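Asker: Here's a structure for you.
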Amino acid sequence: MSTVAYITARGLFGRRRVLLLLPLPVLLVGLALICRAYDVDPDQWGQAVVVGLGLAVVLPVTSLIVGTGVLGSEVDDGTIIHILTKPLPRRDIILAKLLVAVGVSAVVSCVPLYVAGVLADGNRFGLALAAAAAIGAVAYSALFLLLSLLTRRPVLLGLVYILVWEGLLGRFVSGTRVLSIEQYVITIADKIAPTDMLPGKVNLTVAIVMSVIFALGGTVYAINRLGSFSMAGETS
Amino acid sequence: MSEAGVIHDIGYQRYQGPRLGRGALLQAMYVHGLRAAFGLGRSAKSKIFPWGVAGIVLLVAVINAGVRSQTGNWLFDYYQLDDTMSWLVIFFAAIVAPELVSRDIRSGVLPLYFSRPVRAADYVMAKVAALVSAVFLMLGVPQFIMFLTGAFTTKTGMRGVWHELGLLIPGWGYSLLWAFIFASISLLIASLTGKRAFAAGGIVAVFLMTAPIVGVLNVLPSETAHHLSGLASPISLISGVEIWLRDRTDLGLDIGNLGPIYGIEAFCLIAACLLLLLARYRKVASL
């Protein structure tokens with residue numbers, strides 16, 4: 001299992017494209033620093049930076065790129081067959097890959113969110129954001145890992161979820177919020193450190209229970225799917 | 001490499017017919033690109049996403065047209081249609097741009113393209129034209145449907161139709177601006193990687209992460225920063241150009257008297273992206 005995790009991590013970091021993950025966190029921290037340097041009231045910039053950029057873009061996009069990358073790129077290359085033919089339980093493969101995905105996306109999104117939170121409202125807010133983002137990273141990663149097994153176009157489907165479901169519909173239709181990981185993260189962070197910046201709109205119990213359902217359900221179903229995985233050619 | 005059409009004799013089939021020049025090459029690549037953008041000639045699976053997005057925009061336009069024919073007022077006019085659909089335009093560009101250029105890198109056919117008398121400029125031009133047309137069709141056709149409703153329900157006869165046409169043409173121009181900005185940026189990003197997944201993620205990330213910068217610049221304690229804030233993101237850049245050209249003040253972006261700068265940046269952004277694309281294709285390697 002550790003070998004699978006090692007290979008996955010090397011597959012993620014061994015290429016230049018891991019640098020693609022850098023600009024987002026740097027931008028998040030940079031914007032928070034600029035606002036802080038100009039002594040702008042956090043009530044004015046907090047929502048745009050922390051929610052608009054941090055929770056709505058950095059966390060989901062990082063989890064999407066990493067979460068679909070850990071398994072999806074191997075499915076794409078066809079090298080997944082080398083792992084599948086080893087005498088390893090499929091459960092271990094999924095768990096190892098999920099662990100790497102969660103770890104990477106949690107580090108990439110929690111650290112800048114913590115910094116931005118500290119700059120906006122102090123240590124407690126930063127920790128709340130980091131904790132909520134870590135929970136979000138688990139749920140998102142499980143969901144996107146599952147997507148990369150269900151379809152050959154996991155990134156596009158994940159983008160539909162982020163852009164259309166959470167972004168477009170989440171703003172206009174209140175009902176979609178119950179199935180939006182972004183809203184759970186906002187609610188959880190808001191409950192740990194209440195501020196005016198975070199518009200927590202779902203019930204805390206709902207947020208926690210649904211996050212667990214997303215994380216566990218995604219993992220279990222992904223293990224199930226990998227158990228009966230069939231190799232296919234390049235999508236046309 | 002000679003200027004007119006070159007047909008390499010690789011010993012299989014002799015050819016004595018007319019030789020088509022660069023124009024035909026360009027046209028072939030353009031038509032292929034436009035078909036690929038909508039998944040024509042591909043499996044049903046690759047039609048889902050582009051047609052899904054185009055269908056939603058069309059549906060919104062039809063609903064809008066229905067409201068207009070019943071109540072006589074638009075839910076949103078030709079410009080607002082583009083603004084409202086901006087997230088879908090991002091998504092559409094993220095679907096189609098990797099389809100157009102990343103596939104070629106991934107399957108290693110670029111050396112094959114450029115061993116024909118195709119220049120980098122031709123290739124880039126054909127791909128950009130295909131994506132611009134695709135985005136324009138996605139926005140322009142719904143606008144045309146809105147125009148048809150407006151024209152058929154007009155109470156003032158021919159004059160009303162002309163009036164409606166006078167609104168549609170600038171609306172189309174606005175869509176064309178959208179198409180050019182989105183096509184040039186997203187093709188540039190997509191041309192950097194052979195993985196469609198990464199290209200799509202990168203395109204969405206660039207468009208989404210620039211939006212909050214505008215919000216931050218808007219709260220800085222400086223009047224000039226407010227006026228220049230729209231320059232930071234492609235979407236607000238486009239609406240800045242609209243504010244400048246149409247003298248609007250109600251679009252939530254205050255550009256002061258710096259309108260021309262928005263126009264210049266829009267032009268420079270498109271030109272710079274196209275030049276970088278050209279530079280990118282100066283040298284192609286088989287991966």
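Note on naming: chains are A, B, ... as they come in the structure tokens, residues start from 1 per chain, ligands start from 1 in the order shown.
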Taking only C-alpha atoms into account, report as a ChimeraX atom specification which residues of chain A lie within 8 Å of chain B.
Answerer: /A:20,24,31,35,38,40,44-45,48-49,52-53,57-58,61,64-65,153-156,159-160,163-164,168,236
Asker: Please, could you write that set of residues out with N, CA and C atoms as a PDB file, in the first residue's frame?
Answerer:
ATOM      1  N   LEU A  20       1.553  23.824 -11.724  1.00  0.00           N
ATOM      2  CA  LEU A  20       0.247  24.427 -11.990  1.00  0.00           C
ATOM      3  C   LEU A  20      -0.522  24.666 -10.694  1.00  0.00           C
ATOM      4  N   LEU A  24      -2.430  29.339  -7.597  1.00  0.00           N
ATOM      5  CA  LEU A  24      -3.668  29.579  -6.844  1.00  0.00           C
ATOM      6  C   LEU A  24      -3.409  29.948  -5.383  1.00  0.00           C
ATOM      7  N   LEU A  31      -3.167  38.263  -2.280  1.00  0.00           N
ATOM      8  CA  LEU A  31      -4.282  39.219  -2.193  1.00  0.00           C
ATOM      9  C   LEU A  31      -4.565  39.597  -0.749  1.00  0.00           C
ATOM     10  N   CYS A  35      -4.325  43.437   0.819  1.00  0.00           N
ATOM     11  CA  CYS A  35      -5.410  44.095   1.544  1.00  0.00           C
ATOM     12  C   CYS A  35      -4.960  44.489   2.935  1.00  0.00           C
ATOM     13  N   TYR A  38      -2.712  47.529   2.926  1.00  0.00           N
ATOM     14  CA  TYR A  38      -3.397  48.805   2.731  1.00  0.00           C
ATOM     15  C   TYR A  38      -4.375  49.115   3.847  1.00  0.00           C
ATOM     16  N   VAL A  40      -7.161  47.688   4.711  1.00  0.00           N
ATOM     17  CA  VAL A  40      -8.572  47.684   4.355  1.00  0.00           C
ATOM     18  C   VAL A  40      -9.321  46.873   5.401  1.00  0.00           C
ATOM     19  N   GLN A  44     -14.658  44.039   4.233  1.00  0.00           N
ATOM     20  CA  GLN A  44     -14.836  44.359   2.824  1.00  0.00           C
ATOM     21  C   GLN A  44     -14.167  43.343   1.907  1.00  0.00           C
ATOM     22  N   TRP A  45     -12.954  42.891   2.306  1.00  0.00           N
ATOM     23  CA  TRP A  45     -12.271  41.990   1.378  1.00  0.00           C
ATOM     24  C   TRP A  45     -12.362  40.532   1.792  1.00  0.00           C
ATOM     25  N   ALA A  48     -14.632  38.288  -0.433  1.00  0.00           N
ATOM     26  CA  ALA A  48     -14.136  38.091  -1.801  1.00  0.00           C
ATOM     27  C   ALA A  48     -12.939  37.155  -1.817  1.00  0.00           C
ATOM     28  N   VAL A  49     -12.014  37.347  -0.863  1.00  0.00           N
ATOM     29  CA  VAL A  49     -10.788  36.546  -0.897  1.00  0.00           C
ATOM     30  C   VAL A  49     -11.020  35.159  -0.321  1.00  0.00           C
ATOM     31  N   GLY A  52     -14.795  33.812  -2.025  1.00  0.00           N
ATOM     32  CA  GLY A  52     -14.800  33.888  -3.491  1.00  0.00           C
ATOM     33  C   GLY A  52     -13.621  33.205  -4.128  1.00  0.00           C
ATOM     34  N   LEU A  53     -12.432  33.390  -3.548  1.00  0.00           N
ATOM     35  CA  LEU A  53     -11.258  32.756  -4.143  1.00  0.00           C
ATOM     36  C   LEU A  53     -10.903  31.458  -3.413  1.00  0.00           C
ATOM     37  N   VAL A  57     -12.821  28.552  -5.273  1.00  0.00           N
ATOM     38  CA  VAL A  57     -11.938  28.231  -6.391  1.00  0.00           C
ATOM     39  C   VAL A  57     -10.757  27.358  -5.957  1.00  0.00           C
ATOM     40  N   VAL A  58      -9.954  27.849  -4.997  1.00  0.00           N
ATOM     41  CA  VAL A  58      -8.706  27.136  -4.681  1.00  0.00           C
ATOM     42  C   VAL A  58      -8.988  25.712  -4.220  1.00  0.00           C
ATOM     43  N   VAL A  61     -10.864  23.456  -7.090  1.00  0.00           N
ATOM     44  CA  VAL A  61     -10.059  23.236  -8.303  1.00  0.00           C
ATOM     45  C   VAL A  61      -8.823  22.399  -7.981  1.00  0.00           C
ATOM     46  N   LEU A  64      -9.926  18.949  -7.526  1.00  0.00           N
ATOM     47  CA  LEU A  64     -10.318  18.361  -8.812  1.00  0.00           C
ATOM     48  C   LEU A  64      -9.078  17.903  -9.584  1.00  0.00           C
ATOM     49  N   ILE A  65      -8.071  18.786  -9.679  1.00  0.00           N
ATOM     50  CA  ILE A  65      -6.881  18.440 -10.454  1.00  0.00           C
ATOM     51  C   ILE A  65      -6.162  17.252  -9.807  1.00  0.00           C
ATOM     52  N   ARG A 153     -14.437  11.138 -18.711  1.00  0.00           N
ATOM     53  CA  ARG A 153     -14.255  12.596 -18.700  1.00  0.00           C
ATOM     54  C   ARG A 153     -14.434  13.153 -17.296  1.00  0.00           C
ATOM     55  N   PRO A 154     -13.625  12.667 -16.341  1.00  0.00           N
ATOM     56  CA  PRO A 154     -13.881  13.069 -14.952  1.00  0.00           C
ATOM     57  C   PRO A 154     -13.718  14.569 -14.734  1.00  0.00           C
ATOM     58  N   VAL A 155     -12.736  15.185 -15.411  1.00  0.00           N
ATOM     59  CA  VAL A 155     -12.484  16.598 -15.136  1.00  0.00           C
ATOM     60  C   VAL A 155     -13.652  17.455 -15.609  1.00  0.00           C
ATOM     61  N   LEU A 156     -14.179  17.131 -16.789  1.00  0.00           N
ATOM     62  CA  LEU A 156     -15.301  17.929 -17.284  1.00  0.00           C
ATOM     63  C   LEU A 156     -16.516  17.772 -16.378  1.00  0.00           C
ATOM     64  N   LEU A 159     -15.943  19.687 -13.336  1.00  0.00           N
ATOM     65  CA  LEU A 159     -16.122  21.122 -13.583  1.00  0.00           C
ATOM     66  C   LEU A 159     -17.600  21.470 -13.625  1.00  0.00           C
ATOM     67  N   VAL A 160     -18.418  20.582 -14.182  1.00  0.00           N
ATOM     68  CA  VAL A 160     -19.865  20.828 -14.158  1.00  0.00           C
ATOM     69  C   VAL A 160     -20.330  20.977 -12.717  1.00  0.00           C
ATOM     70  N   LEU A 163     -18.664  24.377 -11.348  1.00  0.00           N
ATOM     71  CA  LEU A 163     -19.119  25.609 -12.000  1.00  0.00           C
ATOM     72  C   LEU A 163     -20.625  25.731 -11.991  1.00  0.00           C
ATOM     73  N   VAL A 164     -21.307  24.688 -12.441  1.00  0.00           N
ATOM     74  CA  VAL A 164     -22.745  24.818 -12.652  1.00  0.00           C
ATOM     75  C   VAL A 164     -23.506  24.544 -11.357  1.00  0.00           C
ATOM     76  N   LEU A 168     -23.176  28.254 -10.266  1.00  0.00           N
ATOM     77  CA  LEU A 168     -24.310  28.932 -10.897  1.00  0.00           C
ATOM     78  C   LEU A 168     -25.612  28.664 -10.136  1.00  0.00           C
ATOM     79  N   SER A 236     -13.096   8.903 -27.825  1.00  0.00           N
ATOM     80  CA  SER A 236     -13.085   9.514 -29.157  1.00  0.00           C
ATOM     81  C   SER A 236     -13.737  10.879 -29.087  1.00  0.00           C
TER      82      SER A 236
END
Asker: Pick out the residues sitting within 10 Å of Ile169 (chain B), and hand them over as a short mmCIF file (atom, residue, chain, number, x, y, z; two decimals) with N, CA and C atoms, in the first residue's frame; count only C-alpha atoms, and ignore anything fewer than 2 positions along from it in its own chain.
Answerer:
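Once written, result30.cif looks like this:
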data_model
loop_
_atom_site.label_atom_id
_atom_site.label_comp_id
_atom_site.auth_asym_id
_atom_site.auth_seq_id
_atom_site.Cartn_x
_atom_site.Cartn_y
_atom_site.Cartn_z
N TYR B 78 -29.69 41.66 -25.33
CA TYR B 78 -28.66 40.91 -26.04
C TYR B 78 -27.33 40.88 -25.30
N GLY B 140 -24.32 33.56 -30.42
CA GLY B 140 -24.99 34.33 -31.47
C GLY B 140 -26.31 33.73 -31.90
N GLN B 143 -28.98 34.64 -29.52
CA GLN B 143 -29.31 36.06 -29.72
C GLN B 143 -30.20 36.23 -30.95
N PHE B 144 -29.92 35.43 -31.98
CA PHE B 144 -30.71 35.52 -33.21
C PHE B 144 -32.15 35.09 -32.95
N PHE B 147 -33.81 37.82 -31.45
CA PHE B 147 -34.12 38.83 -32.47
C PHE B 147 -35.38 38.45 -33.24
N GLU B 164 -34.96 46.56 -34.05
CA GLU B 164 -34.49 45.35 -33.38
C GLU B 164 -33.15 44.91 -33.97
N LEU B 165 -33.03 45.04 -35.30
CA LEU B 165 -31.79 44.65 -35.96
C LEU B 165 -30.64 45.54 -35.49
N GLY B 166 -30.97 46.82 -35.29
CA GLY B 166 -29.95 47.75 -34.81
C GLY B 166 -29.46 47.38 -33.41
N LEU B 167 -30.29 46.66 -32.66
CA LEU B 167 -29.85 46.20 -31.35
C LEU B 167 -29.08 44.89 -31.46
N GLY B 171 -25.04 43.62 -30.45
CA GLY B 171 -25.05 42.46 -29.56
C GLY B 171 -24.17 41.35 -30.11
N TRP B 172 -24.24 41.15 -31.41
CA TRP B 172 -23.37 40.16 -32.04
C TRP B 172 -21.91 40.57 -31.93
N GLY B 173 -21.67 41.88 -32.10
CA GLY B 173 -20.29 42.35 -31.95
C GLY B 173 -19.76 42.06 -30.56
N TYR B 174 -20.65 42.23 -29.56
CA TYR B 174 -20.26 41.96 -28.18
C TYR B 174 -19.93 40.47 -28.00
N SER B 175 -20.76 39.61 -28.61
CA SER B 175 -20.49 38.18 -28.54
C SER B 175 -19.16 37.85 -29.20
#
Asker: I want to know what sits within 12 Å of Leu148 (chain B), based on only C-alpha atoms, with residues of the same chain fewer than 5 positions away left out; could you give that as a ChimeraX atom specification?
Answerer: /B:61-62,64-66,68-69,141-143,153-154,160-162,164-165,168
Asker: Would you mind listing what lies within 10 Å of Tyr184 (chain A) as JSON, numbers by chain, with only C-alpha atoms counted and same-chain residues fewer than 5 positions away left out?
Answerer: {"A": [132, 133, 135, 136, 139, 177, 178, 179, 189, 190, 200, 201, 202, 203, 204, 205, 206, 207, 208, 209, 210, 211]}
Asker: If you keep N, CA, C and O atoms, can you produce a file of those selected residues as a CSV table (one decimal), in the first residue's frame?
Answerer:
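result_35.csv written:
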chain,number,residue,atom,x,y,z
A,132,ALA,N,-12.0,23.3,8.3
A,132,ALA,CA,-13.1,23.1,7.4
A,132,ALA,C,-12.6,22.7,6.0
A,132,ALA,O,-13.2,21.8,5.4
A,133,ALA,N,-11.5,23.4,5.6
A,133,ALA,CA,-11.0,23.1,4.3
A,133,ALA,C,-10.5,21.6,4.2
A,133,ALA,O,-10.6,21.0,3.2
A,135,ILE,N,-11.7,19.1,5.9
A,135,ILE,CA,-12.9,18.2,5.7
A,135,ILE,C,-13.3,18.3,4.3
A,135,ILE,O,-13.7,17.3,3.7
A,136,GLY,N,-13.4,19.5,3.7
A,136,GLY,CA,-13.8,19.7,2.4
A,136,GLY,C,-12.9,18.9,1.4
A,136,GLY,O,-13.4,18.3,0.5
A,139,ALA,N,-13.9,15.2,1.3
A,139,ALA,CA,-15.1,15.0,0.6
A,139,ALA,C,-14.9,15.2,-0.9
A,139,ALA,O,-15.3,14.3,-1.7
A,177,ARG,N,-28.0,23.7,-2.4
A,177,ARG,CA,-27.0,23.9,-1.4
A,177,ARG,C,-26.8,22.7,-0.5
A,177,ARG,O,-25.8,22.4,0.0
A,178,VAL,N,-27.9,21.9,-0.4
A,178,VAL,CA,-27.9,20.7,0.4
A,178,VAL,C,-26.9,19.7,-0.1
A,178,VAL,O,-26.3,18.9,0.6
A,179,LEU,N,-26.6,19.8,-1.4
A,179,LEU,CA,-25.7,18.8,-2.0
A,179,LEU,C,-24.4,19.5,-2.5
A,179,LEU,O,-23.7,19.1,-3.4
A,189,ALA,N,-16.8,26.0,8.9
A,189,ALA,CA,-15.9,27.1,9.4
A,189,ALA,C,-16.6,28.2,10.1
A,189,ALA,O,-16.1,28.7,11.1
A,190,ASP,N,-17.8,28.5,9.7
A,190,ASP,CA,-18.6,29.6,10.3
A,190,ASP,C,-19.0,29.2,11.8
A,190,ASP,O,-19.0,30.0,12.6
A,200,GLY,N,-22.8,31.1,6.3
A,200,GLY,CA,-23.2,29.7,6.5
A,200,GLY,C,-24.7,29.5,6.3
A,200,GLY,O,-25.5,30.1,7.0
A,201,LYS,N,-25.1,28.8,5.2
A,201,LYS,CA,-26.5,28.7,4.9
A,201,LYS,C,-27.1,27.4,5.2
A,201,LYS,O,-28.3,27.3,5.1
A,202,VAL,N,-26.3,26.3,5.4
A,202,VAL,CA,-27.0,25.0,5.7
A,202,VAL,C,-26.8,24.7,7.2
A,202,VAL,O,-25.9,25.3,7.9
A,203,ASN,N,-27.6,23.8,7.7
A,203,ASN,CA,-27.6,23.4,9.0
A,203,ASN,C,-26.3,22.7,9.3
A,203,ASN,O,-25.7,22.0,8.5
A,204,LEU,N,-25.7,22.9,10.5
A,204,LEU,CA,-24.4,22.3,10.9
A,204,LEU,C,-24.5,20.7,10.8
A,204,LEU,O,-23.6,20.1,10.2
A,205,THR,N,-25.5,20.2,11.4
A,205,THR,CA,-25.7,18.7,11.3
A,205,THR,C,-25.7,18.2,9.9
A,205,THR,O,-25.0,17.2,9.6
A,206,VAL,N,-26.5,18.9,9.1
A,206,VAL,CA,-26.6,18.5,7.7
A,206,VAL,C,-25.2,18.5,7.1
A,206,VAL,O,-24.7,17.6,6.4
A,207,ALA,N,-24.5,19.6,7.3
A,207,ALA,CA,-23.1,19.8,6.7
A,207,ALA,C,-22.2,18.6,7.1
A,207,ALA,O,-21.6,18.0,6.3
A,208,ILE,N,-22.2,18.3,8.4
A,208,ILE,CA,-21.2,17.3,8.9
A,208,ILE,C,-21.7,15.9,8.3
A,208,ILE,O,-20.8,15.2,7.7
A,209,VAL,N,-23.0,15.6,8.5
A,209,VAL,CA,-23.4,14.3,8.0
A,209,VAL,C,-23.2,14.1,6.5
A,209,VAL,O,-22.7,13.1,6.0
A,210,MET,N,-23.6,15.2,5.7
A,210,MET,CA,-23.4,15.1,4.3
A,210,MET,C,-22.0,15.0,3.9
A,210,MET,O,-21.6,14.3,2.9
A,211,SER,N,-21.0,15.7,4.6
A,211,SER,CA,-19.6,15.6,4.3
A,211,SER,C,-19.2,14.1,4.5
A,211,SER,O,-18.4,13.6,3.6
Asker: Can you tell me which residues surround Thr8 (chain A) at a distance of at most 12 Å, considering only C-alpha atoms, apart from same-chain residues fewer than 3 positions away, and format the answer as a ChimeraX atom specification?
Answerer: /A:1-5,11-15,66-74,79-80,83,93-101,103-104
Asker: What would the file look like if the residues just selected were written as a JSON list (two decimals), in the first residue's frame with C-alpha atoms?
Answerer:
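Output contents, as saved in again-v2.json:
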[["chain", "number", "residue", "atom", "x", "y", "z"],
["A", 1, "MET", "CA", 0.00, 0.00, 0.00],
["A", 2, "SER", "CA", 2.81, 2.38, 0.79],
["A", 3, "THR", "CA", 4.37, 1.57, -2.58],
["A", 4, "VAL", "CA", 1.15, 2.50, -4.35],
["A", 5, "ALA", "CA", 1.05, 5.75, -2.38],
["A", 11, "GLY", "CA", 3.33, 10.60, -10.52],
["A", 12, "LEU", "CA", 1.89, 13.83, -9.16],
["A", 13, "PHE", "CA", 5.10, 15.58, -8.22],
["A", 14, "GLY", "CA", 7.49, 14.12, -10.74],
["A", 15, "ARG", "CA", 6.25, 16.31, -13.56],
["A", 66, "VAL", "CA", -5.30, 16.22, -7.79],
["A", 67, "GLY", "CA", -8.29, 13.96, -7.16],
["A", 68, "THR", "CA", -8.83, 13.08, -10.80],
["A", 69, "GLY", "CA", -5.08, 13.01, -11.42],
["A", 70, "VAL", "CA", -4.18, 10.26, -8.94],
["A", 71, "LEU", "CA", -6.21, 7.61, -10.68],
["A", 72, "GLY", "CA", -7.48, 9.24, -13.88],
["A", 73, "SER", "CA", -4.07, 9.84, -15.43],
["A", 74, "GLU", "CA", -3.16, 6.19, -14.93],
["A", 79, "THR", "CA", -0.62, 2.03, -16.79],
["A", 80, "ILE", "CA", -3.35, 1.30, -14.24],
["A", 83, "ILE", "CA", -1.22, -1.96, -10.45],
["A", 93, "ILE", "CA", -5.27, 0.77, -4.05],
["A", 94, "ILE", "CA", -8.17, 3.17, -3.65],
["A", 95, "LEU", "CA", -7.31, 3.99, -0.05],
["A", 96, "ALA", "CA", -3.66, 4.67, -0.85],
["A", 97, "LYS", "CA", -4.54, 6.92, -3.76],
["A", 98, "LEU", "CA", -7.23, 8.70, -1.81],
["A", 99, "LEU", "CA", -4.80, 9.29, 1.03],
["A", 100, "VAL", "CA", -2.30, 10.93, -1.32],
["A", 101, "ALA", "CA", -5.01, 13.02, -2.99],
["A", 103, "GLY", "CA", -2.99, 14.96, 1.70],
["A", 104, "VAL", "CA", -1.86, 17.00, -1.29]]
Asker: Identify which of the residues A:Pro23, A:Trp165, A:Ala142, A:Leu113 lies closest to Gly217 (chain A), counting only C-alpha atoms when measuring atom-to-atom distances.
Answerer: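 Closest to Gly217 (chain A), using only C-alpha atoms: A:Ala142.
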Asker: What's around Glu182 (chain A) at 7 Å? Count only C-alpha atoms, leave out sequence neighbours fewer than 2 positions away in its own chain, and write the answer as a PyMOL selection string.
Answerer: chain A and resi 55-56+180+184-186
Asker: Show me, as a PyMOL selection string, the residues that have an atom within 8 Å of Ile181 (chain B) when counting only C-alpha atoms, minus same-chain residues fewer than 2 positions from it.
Answerer: chain B and resi 177-179+183-185+234+266+269-270
Asker: Can you measure CA of Glu99 (chain B) to CA of Ser191 (chain B) for me? One decimal in Å is fine.
Answerer: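 One can read the CA of Glu99 (chain B) to CA of Ser191 (chain B) distance as 10.3 Å.
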Asker: Would you give me, as a PyMOL selection string, the residues in region 39-119 of chain A that DSSP reads as alpha helix (DSSP H)?
Answerer: chain A and resi 42-46+59-77+80-84+90-119
Asker: Kindly indicate which residue among B:Arg106, B:Gln80, B:Val128, B:Pro117 lies nearest to Leu20 (chain B), using only C-alpha atoms for the distances.
Answerer: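 Selected residue with least distance to Leu20 (chain B): B:Pro117.
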Asker: Suppose you want the space between CA of Leu276 (chain B) and CA of Leu188 (chain B); what is it in Å?
Answerer: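 Distance between the two atoms: 7.2 Å.
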